[in-house]
$ cat entry_35.cif   # mmCIF, C-alpha atoms
data_final
#
loop_
_atom_site.label_atom_id
_atom_site.label_comp_id
_atom_site.auth_asym_id
_atom_site.auth_seq_id
_atom_site.Cartn_x
_atom_site.Cartn_y
_atom_site.Cartn_z
CA ASN Q 1 92.05 95.65 107.27
CA PRO Q 2 91.76 98.02 104.32
CA GLU Q 3 94.41 98.09 101.60
CA PRO Q 4 95.48 101.00 99.33
CA THR Q 5 92.99 101.28 96.47
CA LYS Q 6 92.54 103.68 93.57
CA VAL Q 7 88.90 104.76 93.15
CA THR Q 8 87.53 106.18 89.93
CA LEU Q 9 85.14 109.14 89.89
CA GLU Q 10 83.70 108.20 86.49
CA ILE Q 11 80.08 107.02 86.45
CA GLU Q 12 79.30 104.27 83.93
CA LYS Q 13 76.10 104.29 81.89
CA GLY Q 14 73.19 102.13 83.00
CA PRO Q 15 71.32 101.62 86.29
CA PHE Q 16 73.14 102.46 89.50
CA ILE Q 17 72.64 103.19 93.20
CA VAL Q 18 74.47 105.78 95.31
CA ILE Q 19 75.04 104.77 98.95
CA THR Q 20 76.12 107.35 101.50
CA GLY Q 21 76.97 107.38 105.19
CA HIS Q 22 79.25 105.16 107.27
CA ASP Q 23 77.63 101.73 107.64
CA LEU Q 24 79.83 99.24 105.81
CA TYR Q 25 77.53 96.33 106.68
CA ASP Q 26 74.60 98.07 105.00
CA LEU Q 27 76.80 98.37 101.89
CA LYS Q 28 77.71 94.66 102.13
CA GLN Q 29 74.00 93.71 102.19
CA LEU Q 30 73.21 96.04 99.28
CA LEU Q 31 76.04 94.52 97.22
CA GLU Q 32 74.71 91.02 97.94
CA GLN Q 33 71.16 91.95 96.96
CA THR Q 34 72.22 93.67 93.71
CA LYS Q 35 74.54 90.88 92.55
CA ASP Q 36 73.98 89.92 88.90
CA LYS Q 37 71.16 92.46 88.50
CA GLY Q 38 73.01 94.79 86.11
CA ILE Q 39 73.12 97.58 88.73
CA ASN Q 40 76.35 99.35 89.65
CA ILE Q 41 76.99 100.71 93.16
CA TYR Q 42 78.76 104.02 93.87
CA THR Q 43 79.79 105.33 97.25
CA HIS Q 44 79.28 108.91 98.38
CA GLY Q 45 80.82 110.98 101.18
CA GLU Q 46 82.01 109.01 104.19
CA MET Q 47 81.29 105.71 102.42
CA LEU Q 48 84.29 106.25 100.09
CA PRO Q 49 86.75 104.28 102.30
CA ALA Q 50 84.64 101.14 101.73
CA HIS Q 51 86.60 100.61 98.49
CA GLY Q 52 89.71 99.69 100.49
CA TYR Q 53 88.21 96.63 102.21
CA PRO Q 54 88.87 93.26 100.49
CA GLU Q 55 85.47 91.84 101.55
CA LEU Q 56 83.73 94.70 99.72
CA LYS Q 57 86.20 95.13 96.82
CA LYS Q 58 85.48 91.58 95.68
CA TYR Q 59 82.11 92.69 94.29
CA PRO Q 60 82.78 93.81 90.69
CA HIS Q 61 79.72 96.07 90.63
CA LEU Q 62 81.16 98.29 93.39
CA LYS Q 63 82.43 100.67 90.75
CA GLY Q 64 83.60 104.01 92.16
CA ASN Q 65 82.70 107.15 94.10
CA PHE Q 66 80.00 109.69 93.26
CA GLY Q 67 80.38 113.32 94.27
CA THR Q 68 82.12 114.82 97.26
CA ALA Q 69 81.18 115.77 100.83
CA TRP Q 70 77.77 115.95 102.52
CA GLN Q 71 77.16 119.69 102.13
CA ASN Q 72 77.19 119.39 98.31
CA GLN Q 73 74.47 116.74 98.08
CA GLN Q 74 71.62 119.06 97.04
CA LYS Q 75 73.63 120.18 94.01
CA GLU Q 76 75.15 116.79 93.19
CA PHE Q 77 71.89 114.82 93.54
CA ASP Q 78 69.79 117.32 91.56
CA ASN Q 79 67.80 115.31 88.95
CA LEU Q 80 70.02 112.27 89.56
CA PRO Q 81 68.81 109.32 87.41
CA ALA Q 82 69.41 106.90 90.30
CA PRO Q 83 68.29 106.27 93.89
CA ILE Q 84 70.31 107.35 96.93
CA LEU Q 85 70.47 105.18 100.06
CA TYR Q 86 71.31 107.06 103.27
CA THR Q 87 72.72 104.89 106.06
CA THR Q 88 74.29 107.07 108.78
CA ASN Q 89 74.84 110.49 107.33
CA CYS Q 90 74.08 114.20 107.35
CA LEU Q 91 70.82 114.23 105.38
CA MET Q 92 70.12 117.72 104.07
CA PRO Q 93 66.58 118.91 103.26
CA VAL Q 94 65.59 116.97 100.15
CA LYS Q 95 64.91 118.88 96.92
CA SER Q 96 61.86 118.01 94.85
CA SER Q 97 64.04 117.05 91.86
CA TYR Q 98 65.20 113.87 93.64
CA ALA Q 99 62.69 113.41 96.50
CA ASP Q 100 61.18 110.32 94.88
CA ARG Q 101 64.54 108.52 94.87
CA VAL Q 102 65.76 109.03 98.44
CA PHE Q 103 65.75 105.96 100.72
CA THR Q 104 66.87 105.85 104.34
CA THR Q 105 67.82 103.16 106.83
CA GLU Q 106 69.10 102.85 110.41
CA MET Q 107 68.64 106.08 112.40
CA VAL Q 108 68.41 108.30 109.32
CA SER Q 109 64.93 109.32 108.19
CA TYR Q 110 63.07 112.18 106.58
CA PRO Q 111 59.33 112.95 106.25
CA GLU Q 112 57.68 111.12 103.33
CA MET Q 113 60.88 109.31 102.34
CA VAL Q 114 60.84 105.48 102.10
CA HIS Q 115 62.58 103.96 105.14
CA ILE Q 116 64.16 100.49 105.00
CA GLY Q 117 63.64 98.77 108.36
CA ASP Q 118 65.57 96.12 110.26
CA ASN Q 119 64.79 93.47 107.63
CA LYS Q 120 67.22 95.29 105.31
CA ASP Q 121 65.20 94.42 102.23
CA PHE Q 122 66.52 96.87 99.65
CA THR Q 123 64.04 95.76 96.96
CA PRO Q 124 62.43 99.26 96.70
CA VAL Q 125 65.87 100.79 96.07
CA ILE Q 126 66.71 98.17 93.45
CA GLU Q 127 63.38 98.63 91.67
CA LYS Q 128 63.88 102.42 91.59
CA ALA Q 129 67.38 101.99 90.09
CA LEU Q 130 65.99 99.81 87.30
CA GLU Q 131 63.09 102.21 86.72
CA LEU Q 132 65.32 105.31 86.44
CA GLY Q 133 67.88 103.52 84.27
CA GLY Q 134 70.90 105.68 85.09
CA TYR Q 135 72.84 107.71 82.53
CA THR Q 136 72.70 106.86 78.82
CA GLU Q 137 76.43 107.63 78.43
CA ASN Q 138 79.42 107.38 80.76
CA GLN Q 139 79.85 110.51 82.89
CA ILE Q 140 83.36 111.89 83.36
CA ARG Q 141 83.37 113.37 86.87
CA THR Q 142 86.16 114.97 88.88
CA GLY Q 143 86.94 115.96 92.43
CA ILE Q 144 86.96 119.56 93.66
CA ASN Q 145 90.44 120.16 92.16
CA GLY Q 146 89.83 118.41 88.84
CA GLY Q 147 91.29 114.99 89.63
CA ALA Q 148 89.68 111.97 87.96
CA SER Q 149 90.39 109.50 90.79
CA VAL Q 150 91.20 109.32 94.50
CA MET Q 151 93.06 106.89 96.75
CA THR Q 152 91.83 105.30 99.96
CA GLY Q 153 92.62 102.31 102.18
CA PHE Q 154 95.59 103.57 104.21
CA GLY Q 155 94.67 102.14 107.60
CA HIS Q 156 97.24 102.03 110.38
CA ASN Q 157 98.44 98.51 109.45
CA THR Q 158 99.29 99.63 105.92
CA ILE Q 159 100.91 102.91 106.90
CA LEU Q 160 103.07 101.37 109.60
CA SER Q 161 104.19 98.53 107.33
CA VAL Q 162 105.26 100.78 104.46
CA ALA Q 163 106.31 104.03 106.14
CA ASP Q 164 108.75 102.58 108.68
CA LYS Q 165 111.61 102.19 106.18
CA ALA Q 166 111.03 105.63 104.63
CA VAL Q 167 111.08 107.26 108.08
CA LYS Q 168 114.28 105.48 109.10
CA ASN Q 169 115.94 106.43 105.81
CA GLY Q 170 115.09 110.06 106.45
CA ASP Q 171 113.00 110.25 103.28
CA ILE Q 172 109.95 111.48 105.23
CA SER Q 173 110.59 114.63 107.23
CA HIS Q 174 107.14 115.28 108.68
CA PHE Q 175 103.62 113.86 108.97
CA PHE Q 176 100.58 116.11 108.83
CA LEU Q 177 97.16 114.81 109.85
CA VAL Q 178 94.81 117.12 107.93
CA GLY Q 179 91.19 116.12 108.12
CA GLY Q 180 87.95 116.20 110.01
CA CYS Q 181 84.54 117.54 109.07
CA ASP Q 182 83.66 119.55 106.00
CA GLY Q 183 81.05 122.27 105.65
CA ALA Q 184 79.92 125.15 103.47
CA ARG Q 185 81.24 128.02 105.57
CA VAL Q 186 83.84 130.30 103.98
CA GLY Q 187 87.39 129.57 105.13
CA ARG Q 188 87.59 125.84 104.53
CA ASN Q 189 89.74 126.35 101.44
CA TYR Q 190 92.49 126.92 104.06
CA TYR Q 191 92.93 123.14 104.19
CA THR Q 192 93.41 122.84 100.43
CA GLU Q 193 96.04 125.57 100.42
CA PHE Q 194 97.75 124.14 103.52
CA VAL Q 195 98.11 120.71 101.89
CA LYS Q 196 99.41 122.23 98.64
CA GLN Q 197 102.13 124.12 100.53
CA THR Q 198 103.44 121.23 102.67
CA PRO Q 199 107.07 120.21 101.99
CA LYS Q 200 107.62 117.69 99.21
CA ASN Q 201 109.21 115.23 101.67
CA SER Q 202 106.20 115.20 103.99
CA ILE Q 203 103.17 112.89 104.17
CA ILE Q 204 99.58 114.08 104.57
CA LEU Q 205 97.39 111.65 106.49
CA THR Q 206 93.70 112.41 106.18
CA LEU Q 207 90.34 111.09 107.28
CA ALA Q 208 86.65 112.03 107.41
CA CYS Q 209 84.82 114.17 104.86
CA GLY Q 210 87.23 117.12 105.20
CA LYS Q 211 89.52 115.22 102.81
CA PHE Q 212 87.32 116.03 99.82
CA ARG Q 213 88.86 119.50 99.80
CA PHE Q 214 92.13 118.03 98.52
CA ASN Q 215 92.00 114.23 98.12
CA ASP Q 216 92.00 114.41 94.30
CA LEU Q 217 95.28 116.39 94.20
CA ASP Q 218 98.39 114.66 92.83
CA LEU Q 219 101.23 115.70 95.14
CA GLY Q 220 103.63 113.02 93.94
CA THR Q 221 105.14 110.14 95.91
CA ILE Q 222 107.87 109.34 98.44
CA ASP Q 223 109.54 105.94 97.93
CA GLY Q 224 106.52 104.96 95.86
CA LEU Q 225 104.08 106.07 98.56
CA PRO Q 226 101.47 108.68 97.62
CA ARG Q 227 101.96 111.81 99.70
CA ILE Q 228 98.22 111.93 100.49
CA MET Q 229 97.06 108.88 102.46
CA ASP Q 230 93.35 108.51 103.20
CA MET Q 231 92.97 106.63 106.49
CA GLY Q 232 89.19 106.36 106.21
CA GLN Q 233 86.08 107.70 107.90
CA CYS Q 234 85.84 110.05 110.87
CA ASN Q 235 85.32 106.84 112.89
CA ASP Q 236 88.86 105.82 111.88
CA ALA Q 237 90.45 108.47 114.10
CA TYR Q 238 91.53 105.37 116.05
CA SER Q 239 93.90 104.54 113.19
CA ALA Q 240 95.51 107.98 113.39
CA ILE Q 241 96.09 107.50 117.12
CA LYS Q 242 97.59 104.04 116.49
CA VAL Q 243 100.01 105.57 113.97
CA ALA Q 244 101.00 108.34 116.39
CA VAL Q 245 101.69 105.87 119.21
CA ALA Q 246 103.65 103.51 116.95
CA LEU Q 247 105.74 106.37 115.54
CA SER Q 248 106.56 107.59 119.05
CA GLU Q 249 107.79 104.10 119.91
CA ALA Q 250 109.88 103.94 116.71
CA PHE Q 251 111.45 107.33 117.41
CA GLY Q 252 111.88 106.60 121.12
CA CYS Q 253 110.10 109.78 122.17
CA GLY Q 254 106.74 111.07 123.35
CA VAL Q 255 103.91 111.70 120.90
CA ASN Q 256 104.30 115.47 121.28
CA GLU Q 257 107.98 115.33 120.26
CA LEU Q 258 107.15 113.59 116.99
CA PRO Q 259 107.41 115.22 113.55
CA LEU Q 260 103.61 114.90 113.47
CA SER Q 261 101.18 117.82 113.34
CA MET Q 262 97.39 117.67 113.55
CA VAL Q 263 95.46 120.30 111.59
CA LEU Q 264 91.80 119.54 112.12
CA SER Q 265 88.67 120.92 110.46
CA TRP Q 266 85.68 121.28 112.70
CA TYR Q 267 81.90 120.87 112.45
CA GLU Q 268 80.62 119.83 115.90
CA GLN Q 269 78.78 116.57 116.74
CA LYS Q 270 81.02 113.55 117.29
CA ALA Q 271 84.08 115.64 116.44
CA VAL Q 272 83.78 116.75 120.09
CA CYS Q 273 84.41 113.14 121.19
CA ILE Q 274 87.43 112.81 118.93
CA LEU Q 275 88.96 116.07 120.19
CA LEU Q 276 88.39 115.10 123.83
CA THR Q 277 89.99 111.70 123.14
CA LEU Q 278 93.10 113.37 121.73
CA LEU Q 279 93.30 115.66 124.74
CA HIS Q 280 92.83 112.71 127.13
CA LEU Q 281 95.79 111.01 125.45
CA GLY Q 282 97.86 114.11 126.16
CA ILE Q 283 98.28 115.14 122.53
CA LYS Q 284 99.20 118.81 122.23
CA ASN Q 285 99.84 121.42 119.53
CA ILE Q 286 96.60 120.75 117.59
CA TYR Q 287 95.52 123.37 115.05
CA LEU Q 288 91.74 123.82 114.90
CA GLY Q 289 89.47 125.69 112.49
CA PRO Q 290 87.99 127.29 110.50
CA THR Q 291 85.92 128.37 113.51
CA LEU Q 292 86.20 127.18 117.07
CA PRO Q 293 83.62 124.78 118.58
CA ALA Q 294 80.57 126.39 120.16
CA PHE Q 295 81.52 125.18 123.65
CA VAL Q 296 84.88 126.97 123.56
CA SER Q 297 84.26 130.06 125.66
CA LYS Q 298 87.06 132.49 126.37
CA ASN Q 299 87.93 130.68 129.61
CA VAL Q 300 87.87 127.23 127.96
CA LEU Q 301 90.07 128.49 125.12
CA ASN Q 302 92.59 129.93 127.57
CA PHE Q 303 92.70 126.58 129.39
CA LEU Q 304 93.24 124.64 126.13
CA VAL Q 305 95.95 127.03 124.98
CA GLU Q 306 97.80 127.00 128.31
CA ASN Q 307 97.56 123.25 128.92
CA TYR Q 308 97.46 121.76 125.41
CA ASN Q 309 98.85 124.53 123.21
CA ILE Q 310 95.81 124.36 120.92
CA SER Q 311 95.96 127.00 118.18
CA PRO Q 312 93.14 128.40 116.06
CA ILE Q 313 94.28 128.28 112.42
CA SER Q 314 95.56 131.53 110.87
CA THR Q 315 96.96 131.29 107.32
CA PRO Q 316 98.63 128.24 105.74
CA GLU Q 317 101.89 130.18 105.37
CA GLU Q 318 102.00 131.34 109.00
CA ASP Q 319 100.94 128.00 110.44
CA LEU Q 320 103.48 126.01 108.39
CA LYS Q 321 106.19 128.41 109.50
CA LYS Q 322 105.23 127.85 113.17
CA ILE Q 323 105.05 124.08 112.73
CA LEU Q 324 108.29 123.61 110.80
CA GLY Q 325 110.29 126.37 112.45
#
$ encode --input "entry_35.cif" --output "structure tokens"
Amino acid sequence: NPEPTKVTLEIEKGPFIVITGHDLYDLKQLLEQTKDKGINIYTHGEMLPAHGYPELKKYPHLKGNFGTAWQNQQKEFDNLPAPILYTTNCLMPVKSSYADRVFTTEMVSYPEMVHIGDNKDFTPVIEKALELGGYTENQIRTGINGGASVMTGFGHNTILSVADKAVKNGDISHFFLVGGCDGARVGRNYYTEFVKQTPKNSIILTLACGKFRFNDLDLGTIDGLPRIMDMGQCNDAYSAIKVAVALSEAFGCGVNELPLSMVLSWYEQKAVCILLTLLHLGIKNIYLGPTLPAFVSKNVLNFLVENYNISPISTPEEDLKKILG
């Protein structure tokens, strides 16, 4: 079980490796193989939630997080003085300025890039880190909104253990699940503005790479709890469902009567599975954007609206007014 953890965005001088994707066991093996070698490890993208897990946090050379979401990698990795290990991730076409330092494993691969097979021997990655040497001075990095750190580690066990009292006291008026996929298309700043405009007595649960739009914002706390709670990777949608079910039991009502709203950002692929799971569980009133999935024809949209009250996003102001009444 993850635990709430503050993660720095500063990159220390000296050799380092950036690991991206979702595979926590790959990270565990990399941490073991780099122990006592003077190499720091930084997560990227969907690997950020790794910092919340005690079995990974115990390695002192797991230092912080590098960069933001997948669609920014070409800019963020440009002339990077360190290797990048891709586990399970959206690998964009590799630029020549860092082509010699890209390594892949599992099902990720790219022409002419070194692939680490089932033996999981990361020696080539380690040797490249030592060869490149990293930065000569510490690098002060920030998130998209200028924040110097982010929080992660709010799995369902943590949220349910700490939020129960605040809910019963009436200190928390509403939960918003704002998250999903990120992308480069215009319109995704909607999610940043939506989060900024939520009531001060509400909690924003988030997961997947869509959180990088706003996860470095400081929105204050409620009863000592940060208002933005990162539940983890897109794979951790299970945690969000566990929270919804537990809250419905606590309030003695159905999930759709809860003060819980889902505002999801979309980018295809396995997001389809997550949406269909939510629909199968009977969850209604989901807001979806910035564009609708490719499979949503006019007839499918009408069916989803009539049976599940799905709404395409409009503006943060209008949607918050509809949600809060």
$ closest_residue --input "entry_35.cif" --among "Q:Val150, Q:Ile126, Q:Ile313, Q:Val94" --to "Q:Leu31" --atoms "all atoms listed in the file"
Q:Ile126
$ residues_near_point --input "entry_35.cif" --point "(94.4, 109.0, 110.6)" --cutoff "8 Å" --atoms "all atoms listed in the file" --output "ChimeraX atom specification"
/Q:155-156,177,205-207,230-232,236-241,243
$ closest_atom_pairs --input "entry_35.cif" --of "stretch 138-243 of chain Q" --to "stretch 270-293 of chain Q" --cutoff "8 Å" --atoms "only C-alpha atoms" --output "CSV"
residue,atom,partner,partner_atom,distance
Q:Gly180,CA,Q:Ala271,CA,7.5
Q:Cys181,CA,Q:Ala271,CA,7.6
Q:Gly187,CA,Q:Pro290,CA,5.9
Q:Arg188,CA,Q:Pro290,CA,6.2
Q:Tyr190,CA,Q:Pro290,CA,7.9
Q:Ala237,CA,Q:Ile274,CA,7.2
$ write_last_selection --input "entry_35.cif" --atoms "C-alpha atoms" --output "compact mmCIF listing (two decimals), keeping the file's coordinate frame"
# COMPACT_ATOMS: atom_id res chain seq x y z
CA GLY Q 180 87.95 116.20 110.01
CA CYS Q 181 84.54 117.54 109.07
CA GLY Q 187 87.39 129.57 105.13
CA ARG Q 188 87.59 125.84 104.53
CA TYR Q 190 92.49 126.92 104.06
CA ALA Q 237 90.45 108.47 114.10
$ closest_residue --input "entry_35.cif" --among "Q:Gln73, Q:Thr315, Q:Thr123, Q:Ser173" --to "Q:Leu258" --atoms "only C-alpha atoms"
Q:Ser173
$ atom_distance --input "entry_35.cif" --atom1 "atom CA of Q:Val186" --atom2 "atom CA of Q:Phe214"
15.8 Å
$ residues_around --input "entry_35.cif" --residues "Q:Asp216" --least-positions-apart "6" --cutoff "7 Å" --atoms "all atoms listed in the file" --output "list in words"
Gly143, Asn145, Gly147, Ser149 and Val150 of chain Q
$ axis_aligned_box --input "entry_35.cif" --around "stretch 43-49 of chain Q" --padding-each-side "3 Å" --output "AutoDock Vina command-line options"
--center_x 83.0 --center_y 107.6 --center_z 100.7 --size_x 13.5 --size_y 12.7 --size_z 12.9
$ closest_residue --input "entry_35.cif" --among "Q:Asn79, Q:Gln139, Q:Asn65, Q:Ser248" --to "Q:Tyr42" --atoms "only C-alpha atoms"
Q:Asn65
$ closest_residue --input "entry_35.cif" --among "Q:Gly179, Q:Ala244, Q:Arg185, Q:Asn40" --to "Q:Ser265" --atoms "all atoms listed in the file"
Q:Gly179
$ decode --input "entry_35.cif" --residues "stretch 138-153 of chain Q" --atoms "N, CA and C atoms" --output "tab-separated table (two decimals), in the first residue's frame"
chain	number	residue	atom	x	y	z
Q	138	ASN	N	23.23	21.24	-9.55
Q	138	ASN	CA	21.83	20.89	-9.31
Q	138	ASN	C	20.91	21.71	-10.22
Q	139	GLN	N	19.87	21.06	-10.72
Q	139	GLN	CA	18.91	21.71	-11.61
Q	139	GLN	C	17.60	21.95	-10.88
Q	140	ILE	N	17.20	23.21	-10.77
Q	140	ILE	CA	15.92	23.54	-10.14
Q	140	ILE	C	14.84	23.43	-11.20
Q	141	ARG	N	14.00	22.43	-11.10
Q	141	ARG	CA	12.91	22.21	-12.05
Q	141	ARG	C	11.57	22.46	-11.37
Q	142	THR	N	10.55	22.71	-12.20
Q	142	THR	CA	9.21	22.91	-11.66
Q	142	THR	C	8.21	22.14	-12.50
Q	143	GLY	N	6.99	22.04	-11.97
Q	143	GLY	CA	5.89	21.50	-12.73
Q	143	GLY	C	5.35	22.54	-13.69
Q	144	ILE	N	4.25	22.20	-14.36
Q	144	ILE	CA	3.67	23.08	-15.38
Q	144	ILE	C	3.26	24.43	-14.80
Q	145	ASN	N	2.85	24.45	-13.51
Q	145	ASN	CA	2.37	25.69	-12.89
Q	145	ASN	C	3.41	26.35	-11.99
Q	146	GLY	N	4.65	25.87	-12.04
Q	146	GLY	CA	5.71	26.51	-11.28
Q	146	GLY	C	6.01	25.92	-9.92
Q	147	GLY	N	5.30	24.86	-9.54
Q	147	GLY	CA	5.54	24.23	-8.24
Q	147	GLY	C	6.84	23.44	-8.24
Q	148	ALA	N	7.52	23.43	-7.08
Q	148	ALA	CA	8.83	22.76	-6.97
Q	148	ALA	C	8.73	21.33	-6.48
Q	149	SER	N	7.53	20.88	-6.10
Q	149	SER	CA	7.34	19.51	-5.63
Q	149	SER	C	5.90	19.08	-5.89
Q	150	VAL	N	5.67	17.77	-5.81
Q	150	VAL	CA	4.32	17.22	-5.96
Q	150	VAL	C	4.12	16.17	-4.88
Q	151	MET	N	2.86	15.82	-4.64
Q	151	MET	CA	2.53	14.77	-3.68
Q	151	MET	C	1.98	13.56	-4.43
Q	152	THR	N	2.22	12.38	-3.87
Q	152	THR	CA	1.63	11.15	-4.41
Q	152	THR	C	1.42	10.19	-3.26
Q	153	GLY	N	0.86	9.01	-3.55
Q	153	GLY	CA	0.72	7.98	-2.52
Q	153	GLY	C	-0.63	7.90	-1.84
